[in-house]
Amino acid sequence: MRIAYFAFLLLLVPQLCWGWQGKVVRLEDGDSGIALVRGKDIKFRLYGVDAPEAEQDFGGRAKSYSSRLMLRKVVEMETMDRDRYDREVVLVIVDGKCASEELVKAGLAWVYSQYCGDDRCDGWVRLQEQAKAKRIGLWAARNPLPPWEYRERQRPDGSSWGWGLVTRLLGDYHGNESSHIFHRMGCKYFDCEGCTVVFSNREEAIRKGFKPCQVCRP
C-alpha cells in the first residue's frame with residue numbers, strides 16, 4: 001500500500017512543480033503578453049530575460065520567434081514574482097522547452113541578471129555567451145543596446161511623460177549636416193549643434209550618404 005502511495009505521488013510531481021496553465025492569446029513583444037486562464041486574461045512577463053523593445057533592432061524578430069514558440073498554445077507557467085506593472089513574472093514551459101532559455105539560445109534576449117536569481121540563470125548566461133561568440137541573432141550587430149538601457153534613454157529626465165513617442169516621431173537617428181556623420185539615439189553626439197538631419201532608420205541614413213558615428217556605432 002505504501003509503495004502504491006509513493007508511486008501515485010511521483011505521478012503528481014510534474015503537476016506540482018508548476019503553478020498554473022494558460023493559453024497564450026497575445027504577445028506584446030518578445031518577452032511579455034497575455035494568457036487566458038480559466039476565462040480571465042492574465043498579463044505576464046518571462047522570467048530572467050529581457051528581449052529588445054518593439055522599436056529596437058531585432059525587436060520584431062524577438063516577437064516573431066516568441067509567437068512561433070508560444071502563441072495560441074497552452075503552456076505551463078510558474079510565477080516567480082510580480083512586477084511593478086502588476087504582471088506575473090513567470091517561467092514558461094511549452095512543448096517541453098523553457099521559453100526564456102530558448103530566446104537566449106536564439107540570440108533574441110539578454111539574461112536579465114539584475115532580476116535572474118534562480119539556479120538555472122548561470123546556465124542561461126553560458127548560453128548567452130555561446131550565442132554571442134557565434135554572432136547569433138542580435139549578437140550579429142556591432143553593439144546591440146540592452147533594452148533596459150534603451151528604456152532608460154527614453155526618459156532622459158527620469159520621468160515617464162512619453163519621451164519614447166516623441167523620439168519615434170522625430171526619428172531614432174540624427175545626422176550632422178556638416179560632417180555627414182549620423183548618430184543613434186543615446187549617443188552623446190545625438191543632439192549635437194549640427195545634428196539637424198533626422199532619419200527613421202540606419203539604412204535611410206546610409207542611403208543618403210551619411211557615415212556611422214565611430215563612438216556609438218549605429
# chains A, B, ... in the order shown; residues from 1 in each chain; ligands from 1
$ select_by_dssp --residues "stretch 9-207 of chain A" --states "strand (DSSP E)" --output "ChimeraX atom specification"
/A:20-29,32-37,40-46,49-50,74-82,88-94,97-98,110-111,173-175,181-184,197-199
$ write_last_selection --atoms "C-alpha atoms" --output "PDB file, in the first residue's frame"
ATOM      1  CA  TRP A  20      -0.882  27.029 -13.495  1.00  0.00           C
ATOM      2  CA  GLN A  21      -1.716  26.522 -17.138  1.00  0.00           C
ATOM      3  CA  GLY A  22      -2.742  29.196 -19.580  1.00  0.00           C
ATOM      4  CA  LYS A  23      -3.272  29.691 -23.281  1.00  0.00           C
ATOM      5  CA  VAL A  24      -1.119  32.475 -24.691  1.00  0.00           C
ATOM      6  CA  VAL A  25      -3.542  34.660 -26.644  1.00  0.00           C
ATOM      7  CA  ARG A  26      -1.411  37.738 -27.263  1.00  0.00           C
ATOM      8  CA  LEU A  27       2.227  38.823 -27.255  1.00  0.00           C
ATOM      9  CA  GLU A  28       3.196  42.432 -26.683  1.00  0.00           C
ATOM     10  CA  ASP A  29       6.833  41.806 -27.587  1.00  0.00           C
ATOM     11  CA  SER A  32       5.598  39.667 -22.478  1.00  0.00           C
ATOM     12  CA  GLY A  33       1.992  39.021 -23.327  1.00  0.00           C
ATOM     13  CA  ILE A  34      -1.397  37.856 -22.154  1.00  0.00           C
ATOM     14  CA  ALA A  35      -2.513  34.344 -21.231  1.00  0.00           C
ATOM     15  CA  LEU A  36      -6.098  33.180 -20.880  1.00  0.00           C
ATOM     16  CA  VAL A  37      -6.517  31.352 -17.585  1.00  0.00           C
ATOM     17  CA  LYS A  40      -9.534  35.521 -17.337  1.00  0.00           C
ATOM     18  CA  ASP A  41      -6.789  37.487 -19.104  1.00  0.00           C
ATOM     19  CA  ILE A  42      -3.522  37.391 -17.157  1.00  0.00           C
ATOM     20  CA  LYS A  43      -0.662  39.698 -18.117  1.00  0.00           C
ATOM     21  CA  PHE A  44       2.709  38.017 -17.906  1.00  0.00           C
ATOM     22  CA  ARG A  45       6.386  38.636 -18.439  1.00  0.00           C
ATOM     23  CA  LEU A  46       9.046  35.982 -18.967  1.00  0.00           C
ATOM     24  CA  VAL A  49      15.331  37.608 -19.666  1.00  0.00           C
ATOM     25  CA  ASP A  50      14.890  40.925 -21.435  1.00  0.00           C
ATOM     26  CA  VAL A  74      -1.453  26.016 -23.804  1.00  0.00           C
ATOM     27  CA  VAL A  75       1.661  26.424 -21.670  1.00  0.00           C
ATOM     28  CA  GLU A  76       2.752  25.615 -18.152  1.00  0.00           C
ATOM     29  CA  MET A  77       3.611  28.624 -16.008  1.00  0.00           C
ATOM     30  CA  GLU A  78       5.268  29.099 -12.655  1.00  0.00           C
ATOM     31  CA  THR A  79       5.014  32.533 -11.074  1.00  0.00           C
ATOM     32  CA  MET A  80       8.407  33.715  -9.822  1.00  0.00           C
ATOM     33  CA  ASP A  81       7.492  37.316  -8.992  1.00  0.00           C
ATOM     34  CA  ARG A  82       5.153  40.181  -9.823  1.00  0.00           C
ATOM     35  CA  GLU A  88       3.021  37.824 -13.411  1.00  0.00           C
ATOM     36  CA  VAL A  89       6.743  37.203 -13.899  1.00  0.00           C
ATOM     37  CA  VAL A  90       6.761  33.599 -14.990  1.00  0.00           C
ATOM     38  CA  LEU A  91       8.786  30.650 -16.117  1.00  0.00           C
ATOM     39  CA  VAL A  92       7.024  29.249 -19.173  1.00  0.00           C
ATOM     40  CA  ILE A  93       7.332  25.666 -20.375  1.00  0.00           C
ATOM     41  CA  VAL A  94       5.948  25.000 -23.842  1.00  0.00           C
ATOM     42  CA  LYS A  97      11.035  23.796 -23.583  1.00  0.00           C
ATOM     43  CA  CYS A  98      11.670  26.793 -21.349  1.00  0.00           C
ATOM     44  CA  TRP A 110      19.621  39.126 -22.809  1.00  0.00           C
ATOM     45  CA  VAL A 111      19.793  37.335 -19.494  1.00  0.00           C
ATOM     46  CA  TYR A 173      18.976  58.709 -35.813  1.00  0.00           C
ATOM     47  CA  HIS A 174      20.348  62.248 -36.191  1.00  0.00           C
ATOM     48  CA  GLY A 175      22.840  63.293 -38.869  1.00  0.00           C
ATOM     49  CA  ILE A 181      28.080  61.593 -39.739  1.00  0.00           C
ATOM     50  CA  PHE A 182      24.962  60.154 -38.102  1.00  0.00           C
ATOM     51  CA  HIS A 183      24.363  59.073 -34.513  1.00  0.00           C
ATOM     52  CA  ARG A 184      21.853  56.802 -32.854  1.00  0.00           C
ATOM     53  CA  VAL A 197      19.017  65.832 -40.190  1.00  0.00           C
ATOM     54  CA  VAL A 198      16.596  63.181 -38.906  1.00  0.00           C
ATOM     55  CA  PHE A 199      16.391  59.549 -40.059  1.00  0.00           C
TER      56      PHE A 199
END
$ atom_distance --atom1 "atom CA of A:Ala62" --atom2 "atom CA of A:Phe210"
28.5 Å
$ closest_residue --among "A:Lys188, A:Arg61, A:Asp172, A:Asp83" --to "A:Arg202" --atoms "only C-alpha atoms"
A:Asp172
$ select_by_dssp --residues "stretch 19-204 of chain A" --states "alpha helix (DSSP H)" --output "number ranges by chain"
A: 59-70, 99-105, 121-133, 147-153, 163-170, 202-204
$ atom_distance --atom1 "atom CA of A:Ser67" --atom2 "atom CA of A:Tyr47"
16.7 Å
$ closest_residue --among "A:Pro144, A:Tyr150, A:Leu103, A:Cys192" --to "A:Leu127" --atoms "only C-alpha atoms"
A:Leu103
$ atom_distance --atom1 "atom CA of A:Gly19" --atom2 "atom CA of A:Ala106"
26.4 Å
